[in-house]
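> One file: upload.cif (mmCIF, C-alpha atoms).
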data_data
loop_
_atom_site.group_PDB
_atom_site.id
_atom_site.type_symbol
_atom_site.label_atom_id
_atom_site.label_comp_id
_atom_site.auth_asym_id
_atom_site.auth_seq_id
_atom_site.Cartn_x
_atom_site.Cartn_y
_atom_site.Cartn_z
ATOM 1 C CA MET A 507 -36.724 41.190 15.631
ATOM 2 C CA THR A 508 -37.298 40.770 19.346
ATOM 3 C CA MET A 509 -40.603 39.644 20.837
ATOM 4 C CA GLU A 510 -41.339 43.236 21.967
ATOM 5 C CA GLN A 511 -40.875 44.514 18.413
ATOM 6 C CA THR A 512 -43.177 41.923 16.865
ATOM 7 C CA GLU A 513 -45.908 42.507 19.469
ATOM 8 C CA PHE A 514 -46.981 45.762 17.830
ATOM 9 C CA SER A 515 -46.401 44.747 14.214
ATOM 10 C CA ILE A 516 -49.037 46.018 11.791
ATOM 11 C CA SER A 517 -50.327 42.565 10.856
ATOM 12 C CA GLY A 518 -50.478 41.442 14.500
ATOM 13 C CA SER A 519 -52.357 44.578 15.573
ATOM 14 C CA VAL A 520 -54.800 44.281 12.667
ATOM 15 C CA ARG A 521 -55.387 40.603 13.531
ATOM 16 C CA THR A 522 -56.164 41.576 17.139
ATOM 17 C CA TRP A 523 -58.523 44.318 15.919
ATOM 18 C CA GLY A 524 -60.225 41.832 13.557
ATOM 19 C CA SER A 525 -60.817 39.317 16.312
ATOM 20 C CA LEU A 526 -62.290 42.048 18.545
ATOM 21 C CA VAL A 527 -64.663 43.183 15.794
ATOM 22 C CA ALA A 528 -65.685 39.565 15.137
ATOM 23 C CA LEU A 529 -66.460 39.071 18.846
ATOM 24 C CA LEU A 530 -68.398 42.348 18.879
ATOM 25 C CA LEU A 531 -70.518 41.036 15.985
ATOM 26 C CA VAL A 532 -71.161 37.777 17.847
ATOM 27 C CA GLY A 533 -72.590 39.663 20.856
ATOM 28 C CA ALA A 534 -74.604 42.065 18.691
ATOM 29 C CA LEU A 535 -76.029 39.218 16.586
ATOM 30 C CA ALA A 536 -77.238 37.464 19.746
ATOM 31 C CA VAL A 537 -79.510 40.483 20.300
ATOM 32 C CA ALA A 538 -80.351 41.204 16.654
ATOM 33 C CA LEU A 539 -81.429 37.599 15.955
ATOM 34 C CA GLY A 540 -83.723 37.582 18.999
ATOM 35 C CA LEU A 541 -82.228 34.444 20.538
ATOM 36 C CA PRO A 542 -83.785 33.127 23.780
ATOM 37 C CA ARG A 543 -82.739 35.412 26.642
ATOM 38 C CA SER A 544 -80.649 32.931 28.654
ATOM 39 C CA LEU A 545 -78.763 31.749 25.548
ATOM 40 C CA ALA A 546 -78.254 35.351 24.402
ATOM 41 C CA LEU A 547 -76.844 36.330 27.828
ATOM 42 C CA TRP A 548 -74.364 33.461 27.742
ATOM 43 C CA ILE A 549 -73.212 34.515 24.283
ATOM 44 C CA ILE A 550 -73.040 38.249 25.193
ATOM 45 C CA PHE A 551 -70.981 37.774 28.351
ATOM 46 C CA GLY A 552 -68.889 34.997 26.804
ATOM 47 C CA ALA A 553 -67.997 37.326 23.939
ATOM 48 C CA ALA A 554 -67.296 40.207 26.376
ATOM 49 C CA THR A 555 -64.963 38.002 28.425
ATOM 50 C CA ALA A 556 -63.177 36.861 25.265
ATOM 51 C CA GLN A 557 -62.780 40.491 24.139
ATOM 52 C CA THR A 558 -61.282 41.414 27.525
ATOM 53 C CA TYR A 559 -58.882 38.491 27.214
ATOM 54 C CA VAL A 560 -57.781 39.595 23.731
ATOM 55 C CA ILE A 561 -57.246 43.226 24.827
ATOM 56 C CA GLY A 562 -55.371 42.177 27.972
ATOM 57 C CA ARG A 563 -53.182 39.623 26.264
ATOM 58 C CA TYR A 564 -52.276 41.402 23.046
ATOM 59 C CA TYR A 565 -52.776 45.151 23.585
ATOM 60 C CA MET A 566 -51.930 45.422 27.302
ATOM 61 C CA ARG A 567 -49.203 42.800 26.755
ATOM 62 C CA LEU A 568 -50.102 40.729 29.795
ATOM 63 C CA ARG A 569 -48.670 37.660 28.073
ATOM 64 C CA SER A 570 -45.167 39.001 28.631
ATOM 65 C CA GLU A 571 -45.698 40.427 32.131
ATOM 66 C CA ASP A 572 -44.557 39.004 35.447
ATOM 67 C CA VAL A 573 -46.537 37.837 38.457
ATOM 68 C CA LEU A 574 -46.654 41.309 40.075
ATOM 69 C CA ILE A 575 -48.532 42.842 37.141
ATOM 70 C CA TYR A 576 -50.848 39.815 36.917
ATOM 71 C CA THR A 577 -51.608 40.260 40.627
ATOM 72 C CA LEU A 578 -52.323 43.970 40.155
ATOM 73 C CA ALA A 579 -54.614 43.173 37.219
ATOM 74 C CA LEU A 580 -56.542 40.299 38.786
ATOM 75 C CA LEU A 581 -56.702 41.223 42.486
ATOM 76 C CA PRO A 582 -59.289 44.033 42.070
ATOM 77 C CA VAL A 583 -61.426 41.818 39.820
ATOM 78 C CA VAL A 584 -61.440 39.007 42.384
ATOM 79 C CA THR A 585 -62.099 41.513 45.195
ATOM 80 C CA VAL A 586 -65.079 43.015 43.363
ATOM 81 C CA ILE A 587 -66.551 39.554 42.730
ATOM 82 C CA ILE A 588 -66.173 38.642 46.431
ATOM 83 C CA LEU A 589 -67.728 41.969 47.515
ATOM 84 C CA ALA A 590 -70.628 41.417 45.119
ATOM 85 C CA PHE A 591 -71.317 37.996 46.645
ATOM 86 C CA VAL A 592 -71.109 39.502 50.141
ATOM 87 C CA LEU A 593 -73.775 42.049 49.122
ATOM 88 C CA VAL A 594 -76.151 39.431 47.669
ATOM 89 C CA PRO A 595 -78.109 38.900 50.939
ATOM 90 C CA ASP A 596 -78.582 42.660 51.432
ATOM 91 C CA ILE A 597 -79.549 43.656 47.897
ATOM 92 C CA VAL A 598 -81.067 40.621 46.250
ATOM 93 C CA MET A 599 -82.820 38.945 49.177
ATOM 94 C CA HIS A 600 -84.086 42.190 50.789
ATOM 95 C CA PRO A 601 -84.876 44.524 47.883
ATOM 96 C CA MET B 787 -28.874 66.190 36.039
ATOM 97 C CA ALA B 788 -30.334 64.126 38.839
ATOM 98 C CA ASN B 789 -33.514 63.692 36.840
ATOM 99 C CA SER B 790 -31.564 62.534 33.810
ATOM 100 C CA ALA B 791 -29.766 59.987 35.925
ATOM 101 C CA VAL B 792 -33.060 58.660 37.221
ATOM 102 C CA GLU B 793 -34.471 58.582 33.680
ATOM 103 C CA ILE B 794 -31.445 56.691 32.401
ATOM 104 C CA GLY B 795 -31.614 54.325 35.350
ATOM 105 C CA ILE B 796 -35.258 53.552 34.714
ATOM 106 C CA THR B 797 -34.642 53.111 31.001
ATOM 107 C CA HIS B 798 -31.897 50.612 31.700
ATOM 108 C CA ALA B 799 -34.111 48.854 34.185
ATOM 109 C CA SER B 800 -36.895 48.501 31.642
ATOM 110 C CA HIS B 801 -34.796 47.339 28.734
ATOM 111 C CA ASP B 802 -31.810 45.522 30.125
ATOM 112 C CA VAL B 803 -32.063 44.460 33.729
ATOM 113 C CA SER B 804 -35.656 43.648 34.566
ATOM 114 C CA ALA B 805 -38.929 44.975 33.206
ATOM 115 C CA SER B 806 -40.596 44.075 36.508
ATOM 116 C CA PHE B 807 -39.101 47.129 38.231
ATOM 117 C CA GLU B 808 -40.234 49.731 35.749
ATOM 118 C CA LEU B 809 -41.756 52.085 38.288
ATOM 119 C CA GLY B 810 -43.985 54.027 35.913
ATOM 120 C CA LYS B 811 -45.595 50.849 34.634
ATOM 121 C CA ILE B 812 -46.212 49.505 38.135
ATOM 122 C CA GLY B 813 -47.662 52.878 39.139
ATOM 123 C CA MET B 814 -50.012 52.798 36.164
ATOM 124 C CA TRP B 815 -51.160 49.268 37.005
ATOM 125 C CA VAL B 816 -51.815 50.281 40.644
ATOM 126 C CA PHE B 817 -53.892 53.202 39.342
ATOM 127 C CA LEU B 818 -55.798 50.888 36.994
ATOM 128 C CA ALA B 819 -56.424 48.480 39.886
ATOM 129 C CA GLY B 820 -58.174 51.319 41.742
ATOM 130 C CA GLU B 821 -60.165 52.200 38.647
ATOM 131 C CA THR B 822 -61.188 48.553 38.281
ATOM 132 C CA MET B 823 -62.593 48.665 41.807
ATOM 133 C CA VAL B 824 -64.627 51.797 40.979
ATOM 134 C CA PHE B 825 -66.140 50.475 37.744
ATOM 135 C CA GLY B 826 -66.362 46.885 39.023
ATOM 136 C CA GLY B 827 -68.212 48.044 42.142
ATOM 137 C CA LEU B 828 -70.703 50.012 40.059
ATOM 138 C CA MET B 829 -71.276 47.133 37.653
ATOM 139 C CA GLY B 830 -71.633 44.668 40.539
ATOM 140 C CA VAL B 831 -74.330 46.786 42.189
ATOM 141 C CA PHE B 832 -76.048 47.281 38.802
ATOM 142 C CA ILE B 833 -76.231 43.490 38.331
ATOM 143 C CA LEU B 834 -77.445 42.818 41.881
ATOM 144 C CA VAL B 835 -80.105 45.543 41.805
ATOM 145 C CA GLY B 836 -81.224 44.272 38.386
ATOM 146 C CA ILE B 837 -81.607 40.743 39.775
ATOM 147 C CA SER B 838 -83.500 42.016 42.830
ATOM 148 C CA HIS B 839 -85.938 43.875 40.523
ATOM 149 C CA GLY B 840 -86.410 40.816 38.281
ATOM 150 C CA GLY B 841 -84.564 42.475 35.386
ATOM 151 C CA TRP B 842 -84.748 46.023 34.022
ATOM 152 C CA GLY B 843 -87.902 45.418 31.982
ATOM 153 C CA ALA B 844 -89.141 48.113 29.612
ATOM 154 C CA ASP B 845 -86.596 50.723 30.758
ATOM 155 C CA GLY B 846 -83.661 48.617 29.602
ATOM 156 C CA ALA B 847 -85.305 47.897 26.263
ATOM 157 C CA HIS B 848 -85.072 51.569 25.220
ATOM 158 C CA VAL B 849 -81.283 51.842 25.041
ATOM 159 C CA ASN B 850 -79.949 52.267 21.525
ATOM 160 C CA TRP B 851 -77.649 49.239 21.295
ATOM 161 C CA ARG B 852 -76.921 49.890 17.603
ATOM 162 C CA LEU B 853 -75.297 53.232 18.444
ATOM 163 C CA GLY B 854 -73.475 51.465 21.272
ATOM 164 C CA ALA B 855 -72.161 48.869 18.799
ATOM 165 C CA ILE B 856 -70.949 51.616 16.431
ATOM 166 C CA ASN B 857 -69.158 53.292 19.348
ATOM 167 C CA THR B 858 -67.575 49.970 20.323
ATOM 168 C CA PHE B 859 -66.279 49.590 16.769
ATOM 169 C CA ILE B 860 -64.843 53.136 16.922
ATOM 170 C CA LEU B 861 -63.146 52.406 20.244
ATOM 171 C CA TYR B 862 -61.631 49.183 18.863
ATOM 172 C CA THR B 863 -60.305 51.090 15.858
ATOM 173 C CA SER B 864 -58.819 53.734 18.176
ATOM 174 C CA SER B 865 -57.001 50.981 20.064
ATOM 175 C CA LEU B 866 -55.668 49.652 16.763
ATOM 176 C CA THR B 867 -54.181 53.070 15.942
ATOM 177 C CA ALA B 868 -52.794 53.265 19.513
ATOM 178 C CA ALA B 869 -51.075 49.891 19.041
ATOM 179 C CA LEU B 870 -49.740 51.040 15.657
ATOM 180 C CA ALA B 871 -48.398 54.203 17.345
ATOM 181 C CA GLN B 872 -46.566 52.004 19.833
ATOM 182 C CA GLY B 873 -45.148 49.945 16.979
ATOM 183 C CA ALA B 874 -43.955 53.097 15.208
ATOM 184 C CA ALA B 875 -42.410 54.468 18.423
ATOM 185 C CA ARG B 876 -40.589 51.190 18.934
ATOM 186 C CA VAL B 877 -38.802 51.553 15.605
ATOM 187 C CA GLN B 878 -38.171 55.231 16.509
ATOM 188 C CA ASP B 879 -40.456 56.662 13.832
ATOM 189 C CA SER B 880 -41.836 59.528 15.933
ATOM 190 C CA ALA B 881 -43.607 61.292 13.069
ATOM 191 C CA ARG B 882 -45.664 58.199 12.190
ATOM 192 C CA ALA B 883 -46.329 57.500 15.878
ATOM 193 C CA LYS B 884 -47.661 61.058 16.270
ATOM 194 C CA ARG B 885 -50.015 60.583 13.312
ATOM 195 C CA TYR B 886 -51.389 57.332 14.736
ATOM 196 C CA LEU B 887 -51.672 58.950 18.169
ATOM 197 C CA SER B 888 -53.645 61.879 16.753
ATOM 198 C CA ALA B 889 -55.933 59.413 14.940
ATOM 199 C CA THR B 890 -56.516 57.631 18.267
ATOM 200 C CA ALA B 891 -57.564 60.873 19.965
ATOM 201 C CA LEU B 892 -59.769 61.910 17.031
ATOM 202 C CA LEU B 893 -61.559 58.558 17.124
ATOM 203 C CA GLY B 894 -62.088 59.162 20.840
ATOM 204 C CA VAL B 895 -63.651 62.520 19.979
ATOM 205 C CA LEU B 896 -65.903 60.778 17.428
ATOM 206 C CA PHE B 897 -66.999 58.365 20.179
ATOM 207 C CA LEU B 898 -67.932 61.340 22.382
ATOM 208 C CA VAL B 899 -69.878 63.051 19.566
ATOM 209 C CA ILE B 900 -71.964 59.911 18.971
ATOM 210 C CA LYS B 901 -72.469 59.550 22.733
ATOM 211 C CA ALA B 902 -73.681 63.157 22.895
ATOM 212 C CA PHE B 903 -76.243 62.437 20.140
ATOM 213 C CA GLU B 904 -77.333 59.357 22.054
ATOM 214 C CA TYR B 905 -77.742 61.291 25.333
ATOM 215 C CA ALA B 906 -79.688 64.015 23.501
ATOM 216 C CA GLY B 907 -82.029 61.418 21.975
ATOM 217 C CA ASP B 908 -82.587 59.756 25.346
ATOM 218 C CA TYR B 909 -83.357 63.123 26.943
ATOM 219 C CA ARG B 910 -85.825 64.051 24.188
ATOM 220 C CA GLU B 911 -87.710 60.807 24.816
ATOM 221 C CA GLY B 912 -87.906 61.580 28.530
ATOM 222 C CA PHE B 913 -85.248 59.117 29.686
ATOM 223 C CA THR B 914 -83.514 61.445 32.125
ATOM 224 C CA PRO B 915 -81.320 60.274 35.027
ATOM 225 C CA LEU B 916 -84.325 60.537 37.346
ATOM 226 C CA ALA B 917 -86.779 58.746 35.029
ATOM 227 C CA ALA B 918 -86.060 55.305 36.518
ATOM 228 C CA LEU B 919 -83.370 53.445 38.458
ATOM 229 C CA PHE B 920 -82.049 51.891 35.246
ATOM 230 C CA TRP B 921 -81.445 55.348 33.727
ATOM 231 C CA SER B 922 -79.719 56.557 36.899
ATOM 232 C CA PHE B 923 -77.268 53.677 36.574
ATOM 233 C CA TYR B 924 -77.004 54.227 32.812
ATOM 234 C CA TYR B 925 -76.014 57.889 33.096
ATOM 235 C CA LEU B 926 -73.744 57.300 36.093
ATOM 236 C CA MET B 927 -71.750 54.460 34.520
ATOM 237 C CA THR B 928 -71.581 55.751 30.939
ATOM 238 C CA GLY B 929 -70.982 59.316 32.198
ATOM 239 C CA LEU B 930 -68.051 58.170 34.334
ATOM 240 C CA HIS B 931 -66.694 56.302 31.324
ATOM 241 C CA VAL B 932 -67.072 59.436 29.173
ATOM 242 C CA LEU B 933 -65.043 61.415 31.743
ATOM 243 C CA HIS B 934 -62.290 58.795 31.626
ATOM 244 C CA LEU B 935 -62.299 58.845 27.837
ATOM 245 C CA LEU B 936 -62.118 62.634 27.863
ATOM 246 C CA ALA B 937 -59.090 62.502 30.177
ATOM 247 C CA GLY B 938 -57.452 59.990 27.821
ATOM 248 C CA ILE B 939 -58.069 62.224 24.799
ATOM 249 C CA VAL B 940 -56.511 65.242 26.566
ATOM 250 C CA VAL B 941 -53.440 63.239 27.595
ATOM 251 C CA ILE B 942 -53.023 61.709 24.113
ATOM 252 C CA PHE B 943 -53.280 65.106 22.405
ATOM 253 C CA GLY B 944 -50.878 66.500 25.026
ATOM 254 C CA LEU B 945 -48.329 63.756 24.371
ATOM 255 C CA ALA B 946 -48.630 64.173 20.595
ATOM 256 C CA PHE B 947 -48.099 67.922 21.036
ATOM 257 C CA MET B 948 -45.037 67.464 23.294
ATOM 258 C CA VAL B 949 -43.157 65.157 20.946
ATOM 259 C CA GLY B 950 -40.721 66.863 18.628
ATOM 260 C CA PRO B 951 -37.588 66.016 16.654
ATOM 261 C CA SER B 952 -35.419 66.456 19.777
ATOM 262 C CA THR B 953 -37.555 64.241 22.031
ATOM 263 C CA PRO B 954 -35.599 61.175 23.227
ATOM 264 C CA ALA B 955 -37.095 58.063 21.609
ATOM 265 C CA SER B 956 -36.928 56.033 24.823
ATOM 266 C CA TRP B 957 -38.809 58.759 26.743
ATOM 267 C CA PHE B 958 -41.554 58.904 24.116
ATOM 268 C CA GLU B 959 -41.880 55.128 23.919
ATOM 269 C CA ARG B 960 -42.213 54.843 27.690
ATOM 270 C CA LYS B 961 -44.808 57.619 28.045
ATOM 271 C CA LEU B 962 -46.710 56.235 25.083
ATOM 272 C CA LYS B 963 -46.795 52.833 26.755
ATOM 273 C CA TYR B 964 -48.434 54.280 29.898
ATOM 274 C CA VAL B 965 -50.947 56.350 27.928
ATOM 275 C CA CYS B 966 -51.896 53.377 25.739
ATOM 276 C CA LEU B 967 -52.233 51.143 28.793
ATOM 277 C CA TYR B 968 -54.810 53.611 30.152
ATOM 278 C CA TRP B 969 -56.567 53.786 26.774
ATOM 279 C CA TYR B 970 -56.840 49.978 26.554
ATOM 280 C CA PHE B 971 -58.245 49.936 30.086
ATOM 281 C CA VAL B 972 -60.932 52.471 29.150
ATOM 282 C CA GLU B 973 -61.727 50.241 26.165
ATOM 283 C CA THR B 974 -62.005 47.168 28.413
ATOM 284 C CA VAL B 975 -64.424 48.997 30.714
ATOM 285 C CA TRP B 976 -66.562 49.862 27.691
ATOM 286 C CA VAL B 977 -66.663 46.198 26.594
ATOM 287 C CA PHE B 978 -68.443 45.299 29.831
ATOM 288 C CA LEU B 979 -70.576 48.454 29.896
ATOM 289 C CA PHE B 980 -71.766 47.654 26.385
ATOM 290 C CA ALA B 981 -72.611 44.071 27.355
ATOM 291 C CA LEU B 982 -74.295 45.046 30.650
ATOM 292 C CA VAL B 983 -76.132 48.258 29.826
ATOM 293 C CA TYR B 984 -76.833 47.909 26.089
ATOM 294 C CA LEU B 985 -76.979 44.242 25.083
ATOM 295 C CA ALA B 986 -78.167 42.334 28.170
ATOM 296 C CA PRO B 987 -81.297 44.469 28.878
ATOM 297 C CA THR B 988 -82.423 44.242 25.230
ATOM 298 C CA ALA B 989 -81.715 40.505 24.795
ATOM 299 C CA GLY B 990 -84.486 37.948 24.380
#
Take the structure I supplied and represent it as structure tokens, if you would.


Amino acid sequence: MTMEQTEFSISGSVRTWGSLVALLLVGALAVALGLPRSLALWIIFGAATAQTYVIGRYYMRLRSEDVLIYTLALLPVVTVIILAFVLVPDIVMHP
Amino acid sequence: MANSAVEIGITHASHDVSASFELGKIGMWVFLAGETMVFGGLMGVFILVGISHGGWGADGAHVNWRLGAINTFILYTSSLTAALAQGAARVQDSARAKRYLSATALLGVLFLVIKAFEYAGDYREGFTPLAALFWSFYYLMTGLHVLHLLAGIVVIFGLAFMVGPSTPASWFERKLKYVCLYWYFVETVWVFLFALVYLAPTAG
């Protein structure tokens, strides 16, 4: 079996699904348990970032992609973050 | 004939020579980059406006995060069936791939049904798009996501309908890869929408 064939094996896909569901539960529990807001936010966005990583790496197969695809995937994210920081003075400091 | 030659050329490029020059895949990633800018821009403004207002207060506390969590679970399960469809297509089992693909689309429909119930409940309680700034953002971002999901469902059903016994396996596998890539992207967008719009405003 080649690497491409094993990437979408039933056990591998179910493992990926299981880890996503577990991370979903982590975020939901942070709200359900009524944790302090700042701690809950760290957990929620940490879990969301981890879920994005799992989807990107195993479902979108970024682990076997080249630098061009990585650039196409990350460039808009970086651009949006920069644009958001540029807008901070206009939106946050002058509501 | 010319089309077949191009198809064969691309197939060889993807499997033998270099996957980096698979044009369809690059095109899909360019499209997804644009989509990332659209959703990322909206989410960025949502965060900044939220900070400038000192949080979303009581408005944000009314979202039904439990329904959102159920929908997230459904979307994750639909991605599992999409991945299983890709696995089946890879071993050239088109019939099984079609079944998994149909399950993916049906789970997408289930997501939309639950979302419709959620919208109806919000409306009944008076949380319309004009009720408050939070609800304007809520309907804009989740509504845009619903439209993307709807497009994905149509394309998935269309692909499942087009595949028959005479469909070349390599053609099906390639198209399935692009469709699934889009579906996983829509799922990724939902991960952050769920965290931003459902969980964060109700936390603490």

> Between B:Ser838, B:Ser956, B:Gln872, B:Thr988, which one has atoms that come closest to Lys884 of chain B, using all atoms listed in the file?

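That would be B:Gln872, the residue with the smallest distance to Lys884 of chain B.
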
> Pull the closest atom pair for each residue of chain B that gets at most 9 Å from chain A, along with the distance in Å to one decimal, counting all atoms listed in the file, ordering rows by chain and then ascending residue number, as a Markdown table.


| residue | atom | partner | partner_atom | distance |
| --- | --- | --- | --- | --- |
| B:Ala805 | CA | A:Glu571 | CA | 8.2 |
| B:Ser806 | CA | A:Asp572 | CA | 6.5 |
| B:Lys811 | CA | A:Ile575 | CA | 8.9 |
| B:Ile812 | CA | A:Ile575 | CA | 7.1 |
| B:Trp815 | CA | A:Leu578 | CA | 6.3 |
| B:Val816 | CA | A:Leu578 | CA | 6.4 |
| B:Leu818 | CA | A:Ala579 | CA | 7.8 |
| B:Ala819 | CA | A:Pro582 | CA | 5.7 |
| B:Gly820 | CA | A:Pro582 | CA | 7.4 |
| B:Glu821 | CA | A:Pro582 | CA | 8.9 |
| B:Thr822 | CA | A:Pro582 | CA | 6.2 |
| B:Met823 | CA | A:Pro582 | CA | 5.7 |
| B:Gly826 | CA | A:Val586 | CA | 6.0 |
| B:Gly827 | CA | A:Val586 | CA | 6.0 |
| B:Gly830 | CA | A:Ala590 | CA | 5.7 |
| B:Val831 | CA | A:Ala590 | CA | 7.1 |
| B:Leu834 | CA | A:Val598 | CA | 6.1 |
| B:Val835 | CA | A:Ile597 | CA | 6.4 |
| B:Gly836 | CA | A:Val598 | CA | 8.7 |
| B:Ile837 | CA | A:Val598 | CA | 6.5 |
| B:Ser838 | CA | A:Val598 | CA | 4.4 |
| B:His839 | CA | A:Pro601 | CA | 7.5 |
| B:Trp851 | CA | A:Ala534 | CA | 8.2 |
| B:Arg852 | CA | A:Ala534 | CA | 8.2 |
| B:Ala855 | CA | A:Ala534 | CA | 7.2 |
| B:Thr858 | CA | A:Leu530 | CA | 7.8 |
| B:Phe859 | CA | A:Val527 | CA | 6.7 |
| B:Tyr862 | CA | A:Trp523 | CA | 6.5 |
| B:Thr863 | CA | A:Trp523 | CA | 7.0 |
| B:Ser865 | CA | A:Trp523 | CA | 8.0 |
| B:Leu866 | CA | A:Trp523 | CA | 6.1 |
| B:Thr867 | CA | A:Ser519 | CA | 8.7 |
| B:Ala869 | CA | A:Phe514 | CA | 5.9 |
| B:Leu870 | CA | A:Phe514 | CA | 6.3 |
| B:Ala871 | CA | A:Phe514 | CA | 8.6 |
| B:Gln872 | CA | A:Phe514 | CA | 6.6 |
| B:Gly873 | CA | A:Phe514 | CA | 4.6 |
| B:Ala874 | CA | A:Phe514 | CA | 8.4 |
| B:Arg876 | CA | A:Gln511 | CA | 6.7 |
| B:Val877 | CA | A:Gln511 | CA | 7.9 |
| B:Cys966 | CA | A:Met566 | CA | 8.1 |
| B:Leu967 | CA | A:Met566 | CA | 5.9 |
| B:Tyr970 | CA | A:Met566 | CA | 6.7 |
| B:Phe971 | CA | A:Met566 | CA | 8.2 |
| B:Glu973 | CA | A:Ile561 | CA | 8.4 |
| B:Thr974 | CA | A:Thr558 | CA | 5.9 |
| B:Val975 | CA | A:Thr558 | CA | 8.8 |
| B:Val977 | CA | A:Ala554 | CA | 6.0 |
| B:Phe978 | CA | A:Ala554 | CA | 6.3 |
| B:Phe980 | CA | A:Ala554 | CA | 8.7 |
| B:Ala981 | CA | A:Ile550 | CA | 6.2 |
| B:Leu982 | CA | A:Phe551 | CA | 8.3 |
| B:Leu985 | CA | A:Val537 | CA | 6.6 |
| B:Ala986 | CA | A:Leu547 | CA | 6.2 |
| B:Thr988 | CA | A:Val537 | CA | 6.8 |
| B:Ala989 | CA | A:Val537 | CA | 5.0 |
| B:Gly990 | CA | A:Arg543 | CA | 3.8 |

> Taking C-alpha atoms for each residue, export the selection above as an mmCIF file, in the frame of the given file.


data_model
loop_
_atom_site.group_PDB
_atom_site.id
_atom_site.type_symbol
_atom_site.label_atom_id
_atom_site.label_comp_id
_atom_site.auth_asym_id
_atom_site.auth_seq_id
_atom_site.Cartn_x
_atom_site.Cartn_y
_atom_site.Cartn_z
ATOM 1 C CA ALA B 805 -38.929 44.975 33.206
ATOM 2 C CA SER B 806 -40.596 44.075 36.508
ATOM 3 C CA LYS B 811 -45.595 50.849 34.634
ATOM 4 C CA ILE B 812 -46.212 49.505 38.135
ATOM 5 C CA TRP B 815 -51.160 49.268 37.005
ATOM 6 C CA VAL B 816 -51.815 50.281 40.644
ATOM 7 C CA LEU B 818 -55.798 50.888 36.994
ATOM 8 C CA ALA B 819 -56.424 48.480 39.886
ATOM 9 C CA GLY B 820 -58.174 51.319 41.742
ATOM 10 C CA GLU B 821 -60.165 52.200 38.647
ATOM 11 C CA THR B 822 -61.188 48.553 38.281
ATOM 12 C CA MET B 823 -62.593 48.665 41.807
ATOM 13 C CA GLY B 826 -66.362 46.885 39.023
ATOM 14 C CA GLY B 827 -68.212 48.044 42.142
ATOM 15 C CA GLY B 830 -71.633 44.668 40.539
ATOM 16 C CA VAL B 831 -74.330 46.786 42.189
ATOM 17 C CA LEU B 834 -77.445 42.818 41.881
ATOM 18 C CA VAL B 835 -80.105 45.543 41.805
ATOM 19 C CA GLY B 836 -81.224 44.272 38.386
ATOM 20 C CA ILE B 837 -81.607 40.743 39.775
ATOM 21 C CA SER B 838 -83.500 42.016 42.830
ATOM 22 C CA HIS B 839 -85.938 43.875 40.523
ATOM 23 C CA TRP B 851 -77.649 49.239 21.295
ATOM 24 C CA ARG B 852 -76.921 49.890 17.603
ATOM 25 C CA ALA B 855 -72.161 48.869 18.799
ATOM 26 C CA THR B 858 -67.575 49.970 20.323
ATOM 27 C CA PHE B 859 -66.279 49.590 16.769
ATOM 28 C CA TYR B 862 -61.631 49.183 18.863
ATOM 29 C CA THR B 863 -60.305 51.090 15.858
ATOM 30 C CA SER B 865 -57.001 50.981 20.064
ATOM 31 C CA LEU B 866 -55.668 49.652 16.763
ATOM 32 C CA THR B 867 -54.181 53.070 15.942
ATOM 33 C CA ALA B 869 -51.075 49.891 19.041
ATOM 34 C CA LEU B 870 -49.740 51.040 15.657
ATOM 35 C CA ALA B 871 -48.398 54.203 17.345
ATOM 36 C CA GLN B 872 -46.566 52.004 19.833
ATOM 37 C CA GLY B 873 -45.148 49.945 16.979
ATOM 38 C CA ALA B 874 -43.955 53.097 15.208
ATOM 39 C CA ARG B 876 -40.589 51.190 18.934
ATOM 40 C CA VAL B 877 -38.802 51.553 15.605
ATOM 41 C CA CYS B 966 -51.896 53.377 25.739
ATOM 42 C CA LEU B 967 -52.233 51.143 28.793
ATOM 43 C CA TYR B 970 -56.840 49.978 26.554
ATOM 44 C CA PHE B 971 -58.245 49.936 30.086
ATOM 45 C CA GLU B 973 -61.727 50.241 26.165
ATOM 46 C CA THR B 974 -62.005 47.168 28.413
ATOM 47 C CA VAL B 975 -64.424 48.997 30.714
ATOM 48 C CA VAL B 977 -66.663 46.198 26.594
ATOM 49 C CA PHE B 978 -68.443 45.299 29.831
ATOM 50 C CA PHE B 980 -71.766 47.654 26.385
ATOM 51 C CA ALA B 981 -72.611 44.071 27.355
ATOM 52 C CA LEU B 982 -74.295 45.046 30.650
ATOM 53 C CA LEU B 985 -76.979 44.242 25.083
ATOM 54 C CA ALA B 986 -78.167 42.334 28.170
ATOM 55 C CA THR B 988 -82.423 44.242 25.230
ATOM 56 C CA ALA B 989 -81.715 40.505 24.795
ATOM 57 C CA GLY B 990 -84.486 37.948 24.380
#

> Could you jot down the atom CA of Phe923 of chain B to atom CA of Ala528 of chain A separation for me, Å, one decimal place?

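Here the two named atoms are 28.2 Å from each other.
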
> Using all atoms of segment 582-601 of chain A listed in the file and a margin of 6 Å per side, can you give the axis-aligned box centre and edge lengths in Å to one decimal, as lines of an AutoDock Vina configuration file?


center_x = -72.1
center_y = 41.3
center_z = 45.6
size_x = 37.6
size_y = 18.5
size_z = 23.6

> Counting only C-alpha atoms, select every polymer residue within 12 Å of (-56.0, 60.3, 29.5) as defined in the file's coordinates, and provide the selection as a PyMOL selection string.

chain B and resi 814+890-891+894+931-945+961-962+964-972

> Report, in Å to a single decimal, how far apart atom CA of Asn857 of chain B and atom CA of Ala918 of chain B are.

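Computed distance, atom CA of Ala918 of chain B to atom CA of Asn857 of chain B, equals 24.2 Å.
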
> Please, what distance in Å, to one decimal, runs between atom CA of Phe958 of chain B and atom CA of Val895 of chain B?

22.8 Å

> Out of B:Val949, B:Ile860, B:Leu926, B:Met829, which residue has the shortest atom-to-atom distance to Leu892 of chain B when counting only C-alpha atoms?

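Among the listed residues, B:Ile860 lies closest to Leu892 of chain B.
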